[in-house]
Every structure is written in structure tokens, then in C-alpha cells.
file query-v5.txt (compact mmCIF, C-alpha atoms and all ligand atoms)
# COMPACT_ATOMS: atom_id res chain seq x y z
CA MET L 24 0.01 9.48 -20.49
CA LEU L 25 1.66 10.08 -17.12
CA LYS L 26 4.14 12.97 -16.82
CA PRO L 27 6.48 13.84 -13.91
CA GLU L 28 4.62 17.10 -13.23
CA ASP L 29 1.33 15.19 -12.81
CA PHE L 30 2.60 14.01 -9.45
CA LYS L 31 2.25 17.47 -7.97
CA GLU L 32 -1.54 17.20 -8.20
CA LEU L 33 -1.65 13.45 -7.59
CA TYR L 34 0.21 13.96 -4.30
CA ARG L 35 -1.86 17.02 -3.37
CA VAL L 36 -5.13 15.12 -3.47
CA PHE L 37 -3.83 12.06 -1.63
CA HIS L 38 -2.67 13.28 1.76
CA SER L 39 -4.88 11.52 4.30
CA ALA L 40 -3.32 8.97 6.69
CA PRO L 41 -5.19 5.64 6.90
CA THR L 42 -5.98 5.98 10.59
CA ALA L 43 -6.81 8.71 13.07
CA PHE L 44 -3.78 7.67 15.16
CA ASP L 45 -0.12 7.25 14.21
CA CYS L 46 0.10 3.54 13.38
CA GLY L 47 3.90 3.84 13.29
CA LYS L 48 3.78 4.18 17.08
CA LYS L 49 2.22 0.70 17.25
CA CYS L 50 4.80 -1.13 15.17
CA ALA L 51 8.02 0.89 15.60
CA PRO L 52 8.72 -0.38 19.15
CA PHE L 53 9.10 -3.85 17.63
CA ASN L 54 11.67 -2.66 15.07
CA ASP L 55 14.21 -0.56 16.98
CA GLY L 56 11.97 2.49 16.84
CA GLU L 57 11.45 2.50 13.06
CA PRO L 58 8.09 1.63 11.45
CA PHE L 59 8.46 -1.59 9.48
CA CYS L 60 7.22 0.00 6.26
CA CYS L 61 9.86 2.76 6.51
CA ASP L 62 12.70 0.25 6.87
CA THR L 63 14.01 -1.12 3.58
CA GLY L 64 15.16 -4.22 5.43
CA TRP L 65 11.45 -5.13 5.41
CA VAL L 66 9.80 -3.25 2.56
CA VAL L 67 11.44 -1.36 -0.30
CA PRO L 68 9.31 1.51 -1.64
CA ILE L 69 8.72 1.53 -5.35
CA ALA L 70 8.20 4.55 -7.58
CA PHE L 71 7.03 5.05 -11.14
CA PRO L 72 9.83 6.40 -13.37
CA GLU L 73 7.87 9.66 -13.83
CA GLU L 74 7.35 9.85 -10.09
CA TRP L 75 11.03 9.30 -9.46
CA GLU L 76 11.86 12.12 -11.87
CA TYR L 77 9.42 14.39 -10.04
CA LEU L 78 10.76 13.46 -6.59
CA GLN L 79 14.38 14.09 -7.54
CA LYS L 80 13.49 17.63 -8.57
CA GLN L 81 11.45 18.24 -5.43
CA SER L 82 13.62 16.95 -2.65
CA CYS L 83 16.85 15.33 -1.43
CA LEU L 84 14.82 12.88 0.66
CA TRP L 85 15.18 9.95 -1.73
CA HIS L 86 17.90 8.00 -3.50
CA GLU L 87 17.78 4.92 -5.64
CA PHE L 88 17.74 1.76 -3.52
CA ARG L 89 21.16 0.11 -3.21
CA PRO L 90 20.87 -3.63 -2.66
CA ARG L 91 22.98 -5.01 0.19
CA ASN L 92 22.65 -8.77 -0.16
CA SER L 93 21.78 -11.43 -2.72
CA ASP L 94 18.05 -11.36 -1.91
CA GLU L 95 17.95 -7.62 -2.49
CA PHE L 96 19.94 -7.94 -5.72
CA ASP L 97 17.40 -10.53 -6.89
CA LEU L 98 14.56 -8.19 -5.93
CA VAL L 99 16.02 -5.34 -7.98
CA GLU L 100 16.65 -7.64 -10.95
CA GLU L 101 13.03 -8.80 -10.94
CA ILE L 102 11.44 -5.45 -11.73
CA ASP L 103 11.14 -3.87 -15.13
CA ALA L 104 13.24 -0.70 -14.92
CA ASP L 105 11.04 0.95 -17.58
CA GLU L 106 8.05 0.66 -15.27
CA SER L 107 9.32 0.93 -11.71
CA VAL L 108 12.28 2.05 -9.60
CA PHE L 109 13.09 0.85 -6.10
CA VAL L 110 13.83 3.85 -3.92
CA GLU L 111 14.92 4.52 -0.35
CA CYS L 112 14.40 7.60 1.79
CA ARG L 113 16.74 9.06 4.39
CA GLY L 114 14.62 7.57 7.15
CA PRO L 115 11.60 8.50 9.29
CA ARG L 116 13.45 11.29 11.11
CA TYR L 117 13.76 13.14 7.80
CA CYS L 118 10.35 12.23 6.36
CA GLU L 119 8.73 15.00 4.32
CA ARG L 120 5.01 14.25 4.22
CA GLU L 121 4.48 16.15 0.98
CA ASN L 122 7.26 14.18 -0.74
CA ARG L 123 6.20 10.69 0.26
CA SER L 124 5.90 8.31 -2.67
CA ILE L 125 2.57 6.81 -3.72
CA SER L 126 3.77 3.54 -2.23
CA CYS L 127 4.25 5.26 1.17
CA ARG L 128 0.82 6.84 0.99
CA THR L 129 -0.97 3.61 0.14
CA PHE L 130 0.84 1.04 2.30
CA PRO L 131 -0.48 -1.49 3.37
CA PHE L 132 -3.41 -1.15 0.96
CA GLU L 133 -4.09 -1.94 -2.69
CA PRO L 134 -7.04 -1.36 -5.01
CA TYR L 135 -9.46 -4.28 -5.25
CA LEU L 136 -11.20 -5.18 -8.52
CA ASP L 137 -13.50 -8.02 -9.45
CA THR L 138 -13.01 -10.14 -12.59
CA LYS L 139 -15.20 -7.72 -14.59
CA GLY L 140 -12.83 -4.86 -13.84
CA ASN L 141 -15.10 -3.07 -11.35
CA PHE L 142 -13.03 -1.14 -8.83
CA LEU L 143 -14.88 -2.04 -5.62
CA GLY L 144 -12.64 -1.08 -2.75
CA ILE L 145 -9.39 -1.72 -0.94
CA ILE L 146 -7.56 -4.84 0.16
CA TYR L 147 -4.36 -5.37 2.10
CA ASN L 148 -0.88 -5.74 0.77
CA ARG L 149 0.11 -8.64 3.02
CA VAL L 150 3.85 -8.61 2.31
CA ILE L 151 4.58 -8.01 6.02
CA GLU L 152 1.16 -8.97 7.35
CA ASP L 153 2.47 -10.21 10.68
CA LYS L 154 4.44 -6.99 11.22
CA CYS L 155 1.95 -4.36 10.08
CA TYR L 156 -0.53 -3.43 12.80
CA LEU L 157 -3.13 -2.31 10.26
CA VAL L 158 -3.56 -5.56 8.35
CA ASP L 159 -7.03 -6.98 9.07
CA ARG L 160 -7.89 -4.15 11.47
CA HIS L 161 -10.68 -2.98 9.20
CA SER L 162 -12.41 -0.75 11.74
CA VAL L 163 -9.43 1.56 12.32
CA VAL L 164 -9.25 2.76 8.72
CA THR L 165 -11.03 6.09 8.35
CA LYS L 166 -13.79 6.73 5.84
CA GLU L 167 -11.85 9.78 4.71
CA PHE L 168 -8.90 7.59 3.74
CA VAL L 169 -11.06 5.08 1.87
CA LYS L 170 -12.72 7.94 0.00
CA MET L 171 -9.42 9.55 -0.90
CA PHE L 172 -7.84 6.25 -1.90
CA MET L 173 -10.78 5.39 -4.17
CA ARG L 174 -10.85 8.83 -5.77
CA PHE L 175 -7.10 8.75 -6.28
CA PHE L 176 -7.09 5.39 -8.07
CA GLU L 177 -10.17 6.17 -10.19
CA ASN L 178 -8.16 9.09 -11.49
CA PHE L 179 -4.87 7.19 -11.67
CA PHE L 180 -6.37 4.37 -13.74
CA VAL L 181 -7.29 6.99 -16.35
CA PHE L 182 -3.67 8.19 -16.45
CA LEU L 183 -2.30 4.66 -16.50
CA PRO L 184 -4.84 2.02 -17.68
CA SER L 185 -2.18 -0.69 -17.30
CA GLU L 186 -2.44 -0.22 -13.51
CA ARG L 187 -6.10 -1.25 -13.64
CA GLU L 188 -5.06 -4.47 -15.40
CA LEU L 189 -2.29 -5.02 -12.90
CA TYR L 190 -4.57 -4.68 -9.88
CA MET L 191 -7.25 -6.82 -11.48
CA GLU L 192 -4.68 -9.56 -11.67
CA GLN L 193 -3.37 -8.83 -8.17
CA SER L 194 -6.92 -9.05 -6.80
CA ARG L 195 -7.41 -12.40 -8.51
CA ILE L 196 -4.17 -13.71 -7.00
CA TYR L 197 -5.22 -12.32 -3.61
CA ARG L 198 -8.57 -14.16 -3.76
CA ASN L 199 -6.80 -17.41 -4.64
CA GLN L 200 -4.29 -16.98 -1.83
CA MET L 201 -6.99 -16.25 0.73
CA SER L 202 -9.06 -19.16 -0.52
CA ARG L 203 -6.09 -21.52 -0.12
CA ARG L 204 -5.51 -20.16 3.37
CA LYS L 205 -9.24 -20.47 4.15
CA LYS L 206 -9.33 -16.81 5.12
CA PRO L 207 -12.04 -14.36 4.03
CA VAL L 208 -11.45 -11.71 1.39
CA VAL L 209 -12.43 -8.53 3.22
CA VAL L 210 -12.72 -5.41 1.10
CA LEU L 211 -12.85 -1.92 2.59
CA THR L 212 -15.49 0.14 0.81
CA LEU L 213 -17.20 3.49 1.25
CA LYS L 214 -20.03 1.58 2.96
CA GLY L 215 -17.69 -0.23 5.37
CA PRO L 216 -15.95 -3.61 5.10
CA PHE L 217 -17.52 -6.31 2.90
CA GLU L 218 -16.69 -9.95 2.35
CA ALA L 219 -16.03 -10.78 -1.31
CA ALA L 220 -16.49 -14.04 -3.22
CA TYR L 221 -13.42 -16.14 -4.03
CA ARG L 222 -14.82 -16.70 -7.52
CA GLY L 223 -15.48 -13.60 -9.58
CA GLY L 224 -14.72 -11.35 -6.64
CA LYS L 225 -18.06 -9.58 -6.22
CA LEU L 226 -19.02 -8.20 -2.82
CA LEU L 227 -21.28 -10.56 -0.87
CA ALA L 228 -22.27 -9.07 2.47
CA GLN L 229 -21.16 -6.55 5.05
CA TRP L 230 -18.32 -7.83 7.21
CA THR L 231 -19.33 -7.48 10.83
CA LYS L 232 -16.81 -9.58 12.75
CA PRO L 233 -14.60 -7.66 15.19
CA ASP L 234 -10.97 -6.79 14.48
CA PRO L 235 -8.23 -8.94 16.05
CA PRO L 236 -7.77 -8.12 19.74
CA GLU L 237 -5.10 -5.61 20.66
CA ASN L 238 -3.03 -8.19 22.53
CA SER L 239 -2.81 -10.40 19.44
CA TYR L 240 -0.43 -7.88 17.84
CA CYS L 241 3.00 -9.17 18.68
CA PRO L 242 5.35 -9.12 15.67
CA ASP L 243 7.94 -11.82 15.81
CA VAL L 244 11.24 -10.21 14.73
S1 LIG L 301 1.39 0.95 7.88
FE1 LIG L 301 1.83 -0.87 9.11
S2 LIG L 301 4.06 -1.12 9.04
FE2 LIG L 301 3.58 0.97 8.36
S3 LIG L 301 3.70 2.27 10.19
FE3 LIG L 301 1.57 1.61 10.01
S4 LIG L 301 1.42 -0.26 11.23
FE4 LIG L 301 3.59 0.11 10.87
S1 LIG L 302 9.25 8.86 3.00
FE1 LIG L 302 8.44 8.84 5.06
S2 LIG L 302 6.70 7.43 4.98
FE2 LIG L 302 7.96 7.02 3.15
S3 LIG L 302 9.38 5.40 3.75
FE3 LIG L 302 10.40 7.34 4.15
S4 LIG L 302 9.96 7.78 6.31
FE4 LIG L 302 8.50 6.25 5.64
call {"tool": "encode", "arguments": {"input": "query-v5.txt", "output": "C-alpha cells"}}
result
Amino acid sequence: MLKPEDFKELYRVFHSAPTAFDCGKKCAPFNDGEPFCCDTGWVVPIAFPEEWEYLQKQSCLWHEFRPRNSDEFDLVEEIDADESVFVECRGPRYCERENRSISCRTFPFEPYLDTKGNFLGIIYNRVIEDKCYLVDRHSVVTKEFVKMFMRFFENFFVFLPSERELYMEQSRIYRNQMSRRKKPVVVLTLKGPFEAAYRGGKLLAQWTKPDPPENSYCPDV
């Protein structure tokens, strides 16, 4: 069972940034100087209740998210308060790396599992796929990050088995969405990116196509 104090160690072992460069410098110029994922107008970070308890003791960086419009009120109403809390930080200028939430550390990535429950790698959270520079740029993600991410979730699924179930379902939905969009399911693994099957989700073959060209990144805001 997860306890607030567990987050000290969980955070300690998950510190690596996804890329060797600061990806915020790529996207922030398109959002008044603020990375999209650090702006609650685009993405609202979520914390586990135990994590929220831990963070409140550690720092003044965070407060509970205060919805500002009907969409945001709907968003807050949708989540189960016993399982998650929407939170907001004071902004990138005040960011404390050691007190970033799990959702900050993982964005824009999620664990990928096949239908048998095998944890095979990492896929993208595509909630702001046209804004986030990293989405579908498989080659820029460091091996160190993939390793850390995988190790972190292996451990986390032991603490919270319900998260394994949740991501199994998320991966299934992801495969269906990509299938409908006729886009490949690319999974980042310790052996590099692989394409996965729409049905069943197993890894098929190494993904060797190049990333999107640099000049294709042009978020429409
Ligand atoms: S993860 Fe995506 S949205 Fe966040 S700073 Fe990097 S490029 Fe920008
Ligand atoms: S804590 Fe840091 S990384 Fe997380 S949303 Fe705030 S500024 Fe961004």
C-alpha cells in the first residue's frame, strides 16, 4: 500500500529528463515563454492523494487546482477524489526539480502494456500532441530515461497494482485510437523504438523510420 513517505524514494530514483536538451525551450516560444505542459491552461498535473500529502509537507510550490471556467469545472468533477487530485504549481520560474510531481516527470509518456499485462515500454500521452515537441520524436528520448521510467513503473505497479490495470486499459484504448487514425503504435523500449500490433499489442519489429522533420513542429495556438 502506498504511503506519503514512499514518494521520497520514488522521486529520488526518477530524476532523469527525457531528452539531453531542454525540450521546454522548443515549445515555450509558442506559448508566451511557458512550456505547454507547465501551463494549466493546456494540461493540469494530477497527483495521487498520498503524493499530494507528501508534496504539501515538502514545499510551497503546489496548490490544489482552482478551475476557472466550465470546462475546467467539468474536468475536476470527472476525477475520483479518492484516487487523484488536480494540482497546480507556482509556475516554471519557481519550479523545484526535486518536488515535481510524477505527472511532471513522466509527461508526455505513459507505460505501455500488451493485453497479457506485459509491461513492454513507453507510449505517448497525446493530450496535446500537436503542441508537445517530443511526441513522435522517438530518437530524442535518451536510453537513460527509458531505463529509469521502466524501473520506476515496475516498482510502482508493485505499490499500486491498480495502476497496472489502468495502463493496460489505456494501452488498449491507445491501440484502438491509433488504428482508427491509421497511425502506427510506436513503443519506446530499452532496445529502441518498436512498432506494436493493434491487436494484442505485442511488439512486432524495430521502428526505423526517421522522426518528423524539425520544420514540421509549428504548434497552432
Ligand atoms: S514535454 Fe512537451 S510540452 Fe512539455 S516542455 Fe517538453 S516539449 Fe514542451
Ligand atoms: S513543477 Fe515544474 S515541471 Fe511541474 S508543472 Fe510546475 S514548472 Fe512544470
call {"tool": "residues_near_ligand", "arguments": {"input": "query-v5.txt", "ligand": "ligand LIG 301 (chain L)", "cutoff": "12 Å", "atoms": "only C-alpha atoms and all ligand atoms", "output": "PyMOL selection string"}}
result
chain L and resi 40-54+56-63+65-68+115+126-132+147-160+163-164+240-242
call {"tool": "closest_residue", "arguments": {"input": "query-v5.txt", "among": "L:Lys80, L:His38, L:Lys232, L:Arg116", "to": "ligand LIG 302 (chain L)", "atoms": "all atoms listed in the file"}}
result
L:Arg116
call {"tool": "closest_residue", "arguments": {"input": "query-v5.txt", "among": "L:Lys31, L:Arg123, L:Lys206, L:His86", "to": "ligand LIG 302 (chain L)", "atoms": "all atoms listed in the file"}}
result
L:Arg123
call {"tool": "closest_residue", "arguments": {"input": "query-v5.txt", "among": "L:Arg120, L:Arg187, L:Arg198, L:Arg174", "to": "ligand LIG 302 (chain L)", "atoms": "all atoms listed in the file"}}
result
L:Arg120
call {"tool": "closest_residue", "arguments": {"input": "query-v5.txt", "among": "L:Val209, L:Cys112, L:Leu33, L:Leu183", "to": "Ile125 of chain L", "atoms": "all atoms listed in the file"}}
result
L:Leu33
call {"tool": "closest_residue", "arguments": {"input": "query-v5.txt", "among": "L:Ser202, L:Asn238, L:Ser162, L:Ser124", "to": "Arg35 of chain L", "atoms": "all atoms listed in the file"}}
result
L:Ser124
call {"tool": "closest_residue", "arguments": {"input": "query-v5.txt", "among": "L:Asp137, L:Asp55, L:Asp243, L:Glu177", "to": "Met191 of chain L", "atoms": "only C-alpha atoms"}}
result
L:Asp137
call {"tool": "atom_distance", "arguments": {"input": "query-v5.txt", "atom1": "atom CA of Lys225 of chain L", "atom2": "atom CA of Phe37 of chain L"}}
result
26.3 Å
call {"tool": "atom_distance", "arguments": {"input": "query-v5.txt", "atom1": "atom CA of Glu111 of chain L", "atom2": "atom CA of Leu211 of chain L"}}
result
28.7 Å
call {"tool": "residues_around", "arguments": {"input": "query-v5.txt", "residues": "His161 of chain L", "least_positions_apart": "6", "cutoff": "10 Å", "atoms": "all atoms listed in the file", "output": "number ranges by chain"}}
result
L: 146-147, 209-211, 215-217, 230-235
call {"tool": "residues_near_point", "arguments": {"input": "query-v5.txt", "point": "(10.6, 10.7, -15.5)", "cutoff": "10 Å", "atoms": "only C-alpha atoms", "output": "list in words"}}
result
Leu25, Lys26, Pro27, Glu28, Phe71, Pro72, Glu73, Glu74, Trp75, Glu76, Tyr77, Leu78, Gln79 and Asp105 of chain L
call {"tool": "atom_distance", "arguments": {"input": "query-v5.txt", "atom1": "atom CA of Gly140 of chain L", "atom2": "atom CA of Ser194 of chain L"}}
result
10.1 Å
call {"tool": "residues_around", "arguments": {"input": "query-v5.txt", "residues": "segment 98-103 of chain L", "least_positions_apart": "4", "cutoff": "12 Å", "atoms": "all atoms listed in the file", "output": "list in words"}}
result
Thr63, Val66, Val67, Pro68, Ile69, Ala70, Phe71, Pro72, Glu87, Phe88, Arg89, Pro90, Arg91, Asn92, Ser93, Asp94, Ser107, Val108, Phe109 and Val110 of chain L
call {"tool": "residues_near_point", "arguments": {"input": "query-v5.txt", "point": "(-17.4, -7.0, -6.1)", "cutoff": "7 Å", "atoms": "only C-alpha atoms", "output": "PyMOL selection string"}}
result
chain L and resi 136-137+141+143+219+224-226
call {"tool": "decode", "arguments": {"input": "query-v5.txt", "residues": "segment 77-182 of chain L", "atoms": "C-alpha atoms", "output": "mmCIF file, in the first residue's frame"}}
result
data_model
loop_
_atom_site.group_PDB
_atom_site.id
_atom_site.type_symbol
_atom_site.label_atom_id
_atom_site.label_comp_id
_atom_site.auth_asym_id
_atom_site.auth_seq_id
_atom_site.Cartn_x
_atom_site.Cartn_y
_atom_site.Cartn_z
ATOM 1 C CA TYR L 77 3.861 14.373 0.696
ATOM 2 C CA LEU L 78 4.238 17.447 -1.532
ATOM 3 C CA GLN L 79 2.373 19.732 0.859
ATOM 4 C CA LYS L 80 4.805 18.822 3.619
ATOM 5 C CA GLN L 81 7.833 19.264 1.376
ATOM 6 C CA SER L 82 7.197 22.524 -0.381
ATOM 7 C CA CYS L 83 5.022 25.590 -1.036
ATOM 8 C CA LEU L 84 5.364 25.031 -4.779
ATOM 9 C CA TRP L 85 1.932 23.483 -5.245
ATOM 10 C CA HIS L 86 -1.707 24.243 -4.505
ATOM 11 C CA GLU L 87 -4.873 22.451 -5.414
ATOM 12 C CA PHE L 88 -6.025 23.368 -8.926
ATOM 13 C CA ARG L 89 -8.773 26.012 -8.963
ATOM 14 C CA PRO L 90 -10.992 25.679 -12.021
ATOM 15 C CA ARG L 91 -11.621 28.926 -13.910
ATOM 16 C CA ASN L 92 -14.275 28.009 -16.452
ATOM 17 C CA SER L 93 -16.982 25.428 -17.092
ATOM 18 C CA ASP L 94 -14.629 23.056 -18.960
ATOM 19 C CA GLU L 95 -12.235 23.064 -16.031
ATOM 20 C CA PHE L 96 -15.070 22.553 -13.541
ATOM 21 C CA ASP L 97 -16.185 19.552 -15.610
ATOM 22 C CA LEU L 98 -12.622 18.231 -15.634
ATOM 23 C CA VAL L 99 -12.369 18.417 -11.842
ATOM 24 C CA GLU L 100 -15.783 16.777 -11.420
ATOM 25 C CA GLU L 101 -14.756 13.856 -13.607
ATOM 26 C CA ILE L 102 -11.975 12.530 -11.396
ATOM 27 C CA ASP L 103 -12.400 10.362 -8.351
ATOM 28 C CA ALA L 104 -11.132 12.495 -5.459
ATOM 29 C CA ASP L 105 -10.166 9.338 -3.530
ATOM 30 C CA GLU L 106 -7.713 8.420 -6.271
ATOM 31 C CA SER L 107 -6.398 11.658 -7.747
ATOM 32 C CA VAL L 108 -6.068 15.392 -7.117
ATOM 33 C CA PHE L 109 -5.587 18.056 -9.766
ATOM 34 C CA VAL L 110 -2.763 20.346 -8.704
ATOM 35 C CA GLU L 111 -1.082 23.488 -9.982
ATOM 36 C CA CYS L 112 2.412 24.785 -9.314
ATOM 37 C CA ARG L 113 3.537 28.393 -8.979
ATOM 38 C CA GLY L 114 4.938 28.296 -12.499
ATOM 39 C CA PRO L 115 8.184 27.406 -14.290
ATOM 40 C CA ARG L 116 10.121 30.298 -12.738
ATOM 41 C CA TYR L 117 9.618 28.694 -9.319
ATOM 42 C CA CYS L 118 9.991 25.055 -10.380
ATOM 43 C CA GLU L 119 11.758 22.853 -7.828
ATOM 44 C CA ARG L 120 13.067 19.833 -9.702
ATOM 45 C CA GLU L 121 13.072 17.625 -6.617
ATOM 46 C CA ASN L 122 9.418 18.472 -5.895
ATOM 47 C CA ARG L 123 7.998 17.865 -9.350
ATOM 48 C CA SER L 124 5.023 15.519 -9.355
ATOM 49 C CA ILE L 125 5.133 12.112 -11.033
ATOM 50 C CA SER L 126 2.952 13.584 -13.768
ATOM 51 C CA CYS L 127 5.614 16.281 -14.439
ATOM 52 C CA ARG L 128 8.382 13.700 -14.529
ATOM 53 C CA THR L 129 6.587 11.406 -16.949
ATOM 54 C CA PHE L 130 4.929 13.846 -19.370
ATOM 55 C CA PRO L 131 4.345 13.193 -22.289
ATOM 56 C CA PHE L 132 4.882 9.466 -21.709
ATOM 57 C CA GLU L 133 2.855 6.576 -20.318
ATOM 58 C CA PRO L 134 3.611 2.915 -19.630
ATOM 59 C CA TYR L 135 2.672 0.548 -22.445
ATOM 60 C CA LEU L 136 1.298 -2.944 -21.759
ATOM 61 C CA ASP L 137 0.002 -5.636 -24.055
ATOM 62 C CA THR L 138 -3.292 -7.465 -23.457
ATOM 63 C CA LYS L 139 -1.477 -10.115 -21.388
ATOM 64 C CA GLY L 140 -0.293 -7.476 -18.940
ATOM 65 C CA ASN L 141 3.362 -7.468 -20.057
ATOM 66 C CA PHE L 142 4.912 -4.072 -19.440
ATOM 67 C CA LEU L 143 6.814 -3.608 -22.718
ATOM 68 C CA GLY L 144 7.771 0.023 -22.929
ATOM 69 C CA ILE L 145 6.571 3.593 -23.228
ATOM 70 C CA ILE L 146 3.991 5.321 -25.395
ATOM 71 C CA TYR L 147 2.956 8.939 -25.710
ATOM 72 C CA ASN L 148 0.265 10.759 -23.845
ATOM 73 C CA ARG L 149 -1.166 12.587 -26.863
ATOM 74 C CA VAL L 150 -3.399 15.031 -24.986
ATOM 75 C CA ILE L 151 -1.501 17.981 -26.534
ATOM 76 C CA GLU L 152 0.218 16.052 -29.304
ATOM 77 C CA ASP L 153 0.331 18.998 -31.694
ATOM 78 C CA LYS L 154 1.860 21.237 -29.014
ATOM 79 C CA CYS L 155 4.413 18.915 -27.433
ATOM 80 C CA TYR L 156 7.678 18.797 -29.374
ATOM 81 C CA LEU L 157 8.530 15.341 -28.039
ATOM 82 C CA VAL L 158 5.508 13.433 -29.321
ATOM 83 C CA ASP L 159 6.625 11.030 -32.072
ATOM 84 C CA ARG L 160 10.253 12.196 -31.874
ATOM 85 C CA HIS L 161 11.370 8.763 -30.742
ATOM 86 C CA SER L 162 15.074 9.269 -31.375
ATOM 87 C CA VAL L 163 15.479 12.216 -28.977
ATOM 88 C CA VAL L 164 14.448 10.246 -25.885
ATOM 89 C CA THR L 165 17.516 9.043 -24.013
ATOM 90 C CA LYS L 166 18.124 5.411 -23.093
ATOM 91 C CA GLU L 167 18.723 6.575 -19.547
ATOM 92 C CA PHE L 168 15.203 7.995 -19.362
ATOM 93 C CA VAL L 169 13.606 4.859 -20.810
ATOM 94 C CA LYS L 170 15.535 2.744 -18.309
ATOM 95 C CA MET L 171 14.549 4.934 -15.387
ATOM 96 C CA PHE L 172 10.924 5.133 -16.491
ATOM 97 C CA MET L 173 10.682 1.349 -16.835
ATOM 98 C CA ARG L 174 12.353 0.702 -13.493
ATOM 99 C CA PHE L 175 10.141 3.272 -11.809
ATOM 100 C CA PHE L 176 6.878 1.767 -13.073
ATOM 101 C CA GLU L 177 7.944 -1.842 -12.417
ATOM 102 C CA ASN L 178 8.338 -0.752 -8.822
ATOM 103 C CA PHE L 179 5.237 1.450 -8.788
ATOM 104 C CA PHE L 180 2.985 -1.328 -10.082
ATOM 105 C CA VAL L 181 4.004 -3.353 -7.024
ATOM 106 C CA PHE L 182 2.963 -0.474 -4.747
#
